[in-house]
Amino acid sequence: MADWLEIKIRTKQEIADTVSDILEQLGALAVTYQDAEDCPIFEPKPGEKPLWPNTEVTGLFAKGTDANPILHTLRAILGDNLPIAALDLADKEWVRTWMDSFVPIKFGKRLWICPSWTSVNEENAVVVKLDPGLAFGTGTHPTTALCLEYLDSFNVKDLDIIDFGCGSGILAIAALLLGAKHATLIDIDEQAIIASKQNAENNNVADKISLFNSAKENYKGKKVPLLVANILAGPLCELEDIIASHIETNGTLVLSGLLEEQVNEVMEVYKKDFTNLESVSKEGWSRITGIKK
């Protein structure tokens, strides 16, 4: 007998949540979403959690579950047009398999991002302990990597910084471990605030951060010599005035989260307040740096 029953349904994004609810009502222990085709989502709006046009919804059921009544109910509710498959799964160490897929990653000369269950044996290594979670930013995405590489090369010693759109807090925490004095973390997503606080505590820098949910309050603190913003091209352009107002004269701006083809558009918006605008690209994504006028 199989250890798990997995039922997969290929559907449209408009009814994916409905399909998920039905699977849960039928006894699914867990429900996941996956891209049913090669259709990446590059630019969701802030706070938006979009699904793919063709989404595969999977329900995981306990050992011994009979698939037939579940399939019958699904077809009665959803019709016969949606592809539905039932698969028997053998048991294995799911958690260990998941953990093994995350390994330490090096950025620049000394900065490492490591899951908490791993370690780095390298002299002078600066290690950020960060486990995968709900908030964006584990170092694996090119936009995060571009920012981490810049921080590793930049002298942040004793600086106050702002991490604008902090996500997991990875950039602020990295800067603090590299020698920054204090970091202000700003985001519109409460999950990001929670994740950043927890990650700061896990890296023993919680006493060096301030957290602001900009959906609830406006940050009115002092200007800083370094601001990093790894969000998206659209919000970066819309928020130029606010971002610029947080940086002191001759301070450094670091922007990421934009595609290569969006660089010129973003630079055009930022050139009114910044000079020496330069871009670097990685796997189709880009980072822009500049100096505040």
# chains A, B, ... in the order shown; residues from 1 in each chain; ligands from 1

call {"tool": "residues_around", "arguments": {"residues": "stretch 237-254 of chain A", "least_positions_apart": "4", "cutoff": "9 Å", "atoms": "only C-alpha atoms", "output": "VMD selection string"}}
result
chain A and resid 147 150 162 164 219 to 230 232 to 233 265 to 267 269 to 270 273 to 274 287 to 293

call {"tool": "select_by_dssp", "arguments": {"residues": "stretch 214-289 of chain A", "states": "strand (DSSP E)", "output": "PyMOL selection string"}}
result
chain A and resi 224-230+247-259+274-282+285-289

call {"tool": "write_last_selection", "arguments": {"atoms": "C-alpha atoms", "output": "PDB file, in the first residue's frame"}}
result
ATOM      1  CA  VAL A 224      21.115  57.751   5.467  1.00  0.00           C
ATOM      2  CA  PRO A 225      24.327  57.355   3.446  1.00  0.00           C
ATOM      3  CA  LEU A 226      23.196  54.042   1.904  1.00  0.00           C
ATOM      4  CA  LEU A 227      19.790  52.809   0.772  1.00  0.00           C
ATOM      5  CA  VAL A 228      19.078  49.484  -0.922  1.00  0.00           C
ATOM      6  CA  ALA A 229      15.734  48.764  -2.584  1.00  0.00           C
ATOM      7  CA  ASN A 230      15.183  45.346  -4.123  1.00  0.00           C
ATOM      8  CA  ILE A 247      19.242  59.461   1.202  1.00  0.00           C
ATOM      9  CA  GLU A 248      21.692  62.149   2.268  1.00  0.00           C
ATOM     10  CA  THR A 249      23.691  64.214  -0.238  1.00  0.00           C
ATOM     11  CA  ASN A 250      26.477  62.110  -1.782  1.00  0.00           C
ATOM     12  CA  GLY A 251      24.814  59.025  -0.347  1.00  0.00           C
ATOM     13  CA  THR A 252      24.655  55.767  -2.310  1.00  0.00           C
ATOM     14  CA  LEU A 253      21.564  54.277  -3.938  1.00  0.00           C
ATOM     15  CA  VAL A 254      21.284  50.580  -4.814  1.00  0.00           C
ATOM     16  CA  LEU A 255      18.233  49.442  -6.794  1.00  0.00           C
ATOM     17  CA  SER A 256      17.349  45.950  -7.956  1.00  0.00           C
ATOM     18  CA  GLY A 257      14.348  43.825  -8.870  1.00  0.00           C
ATOM     19  CA  LEU A 258      14.204  45.030 -12.453  1.00  0.00           C
ATOM     20  CA  LEU A 259      14.717  43.305 -15.772  1.00  0.00           C
ATOM     21  CA  PHE A 274      21.106  60.979  -8.746  1.00  0.00           C
ATOM     22  CA  THR A 275      24.357  61.031 -10.700  1.00  0.00           C
ATOM     23  CA  ASN A 276      26.820  58.308 -11.712  1.00  0.00           C
ATOM     24  CA  LEU A 277      23.991  55.919 -12.499  1.00  0.00           C
ATOM     25  CA  GLU A 278      25.371  52.534 -13.526  1.00  0.00           C
ATOM     26  CA  SER A 279      23.858  49.108 -14.098  1.00  0.00           C
ATOM     27  CA  VAL A 280      25.060  45.526 -13.790  1.00  0.00           C
ATOM     28  CA  SER A 281      23.079  42.504 -15.011  1.00  0.00           C
ATOM     29  CA  LYS A 282      22.809  38.863 -13.993  1.00  0.00           C
ATOM     30  CA  TRP A 285      17.955  40.912 -14.076  1.00  0.00           C
ATOM     31  CA  SER A 286      19.732  44.167 -13.233  1.00  0.00           C
ATOM     32  CA  ARG A 287      21.057  46.330 -10.427  1.00  0.00           C
ATOM     33  CA  ILE A 288      21.385  50.123 -10.619  1.00  0.00           C
ATOM     34  CA  THR A 289      23.661  52.202  -8.417  1.00  0.00           C
TER      35      THR A 289
END

call {"tool": "residues_around", "arguments": {"residues": "A:Ile15", "least_positions_apart": "5", "cutoff": "12 Å", "atoms": "only C-alpha atoms", "output": "list of chain:residue names"}}
result
A:Ile9, A:Arg10, A:Ser20, A:Asp21, A:Ile22, A:Tyr33, A:Leu51, A:Trp52, A:Pro53, A:Asn54, A:Thr55, A:Glu56, A:Val57, A:Leu78, A:Leu82

call {"tool": "atom_distance", "arguments": {"atom1": "atom CA of A:Ala215", "atom2": "atom CA of A:Gly169"}}
result
17.0 Å

call {"tool": "residues_around", "arguments": {"residues": "A:Asp187", "least_positions_apart": "3", "cutoff": "8 Å", "atoms": "only C-alpha atoms", "output": "list of chain:residue names"}}
result
A:Phe164, A:Gly165, A:Cys166, A:Gly167, A:Glu190, A:Ala192, A:Ile193, A:Phe212, A:Asn213, A:Ser214, A:Ala215

call {"tool": "closest_residue", "arguments": {"among": "A:Leu211, A:Val19, A:Val205, A:Ile161", "to": "A:Thr73", "atoms": "only C-alpha atoms"}}
result
A:Val19

call {"tool": "residues_around", "arguments": {"residues": "stretch 106-112 of chain A", "least_positions_apart": "5", "cutoff": "6 Å", "atoms": "only C-alpha atoms", "output": "PyMOL selection string"}}
result
chain A and resi 125-127+149+152

call {"tool": "residues_around", "arguments": {"residues": "A:Ala180", "least_positions_apart": "4", "cutoff": "10 Å", "atoms": "only C-alpha atoms", "output": "list in words"}}
result
Asn155, Val156, Lys157, Asp158, Leu159, Asp160, Ile161, Ala172, Ile173, Ala174, Ala175, Leu176, Lys208 and Leu226 of chain A

call {"tool": "select_by_dssp", "arguments": {"residues": "stretch 166-269 of chain A", "states": "helix (DSSP H, G or I)", "output": "NGL selection string"}}
result
:A and (170-177 or 190-202 or 206-208 or 233-238 or 240-245 or 260-269)

call {"tool": "atom_distance", "arguments": {"atom1": "atom CA of A:Gly179", "atom2": "atom CA of A:Ser153"}}
result
12.2 Å

call {"tool": "closest_residue", "arguments": {"among": "A:Asp163, A:Phe154, A:Ile194, A:Glu201", "to": "A:Leu178", "atoms": "only C-alpha atoms"}}
result
A:Phe154
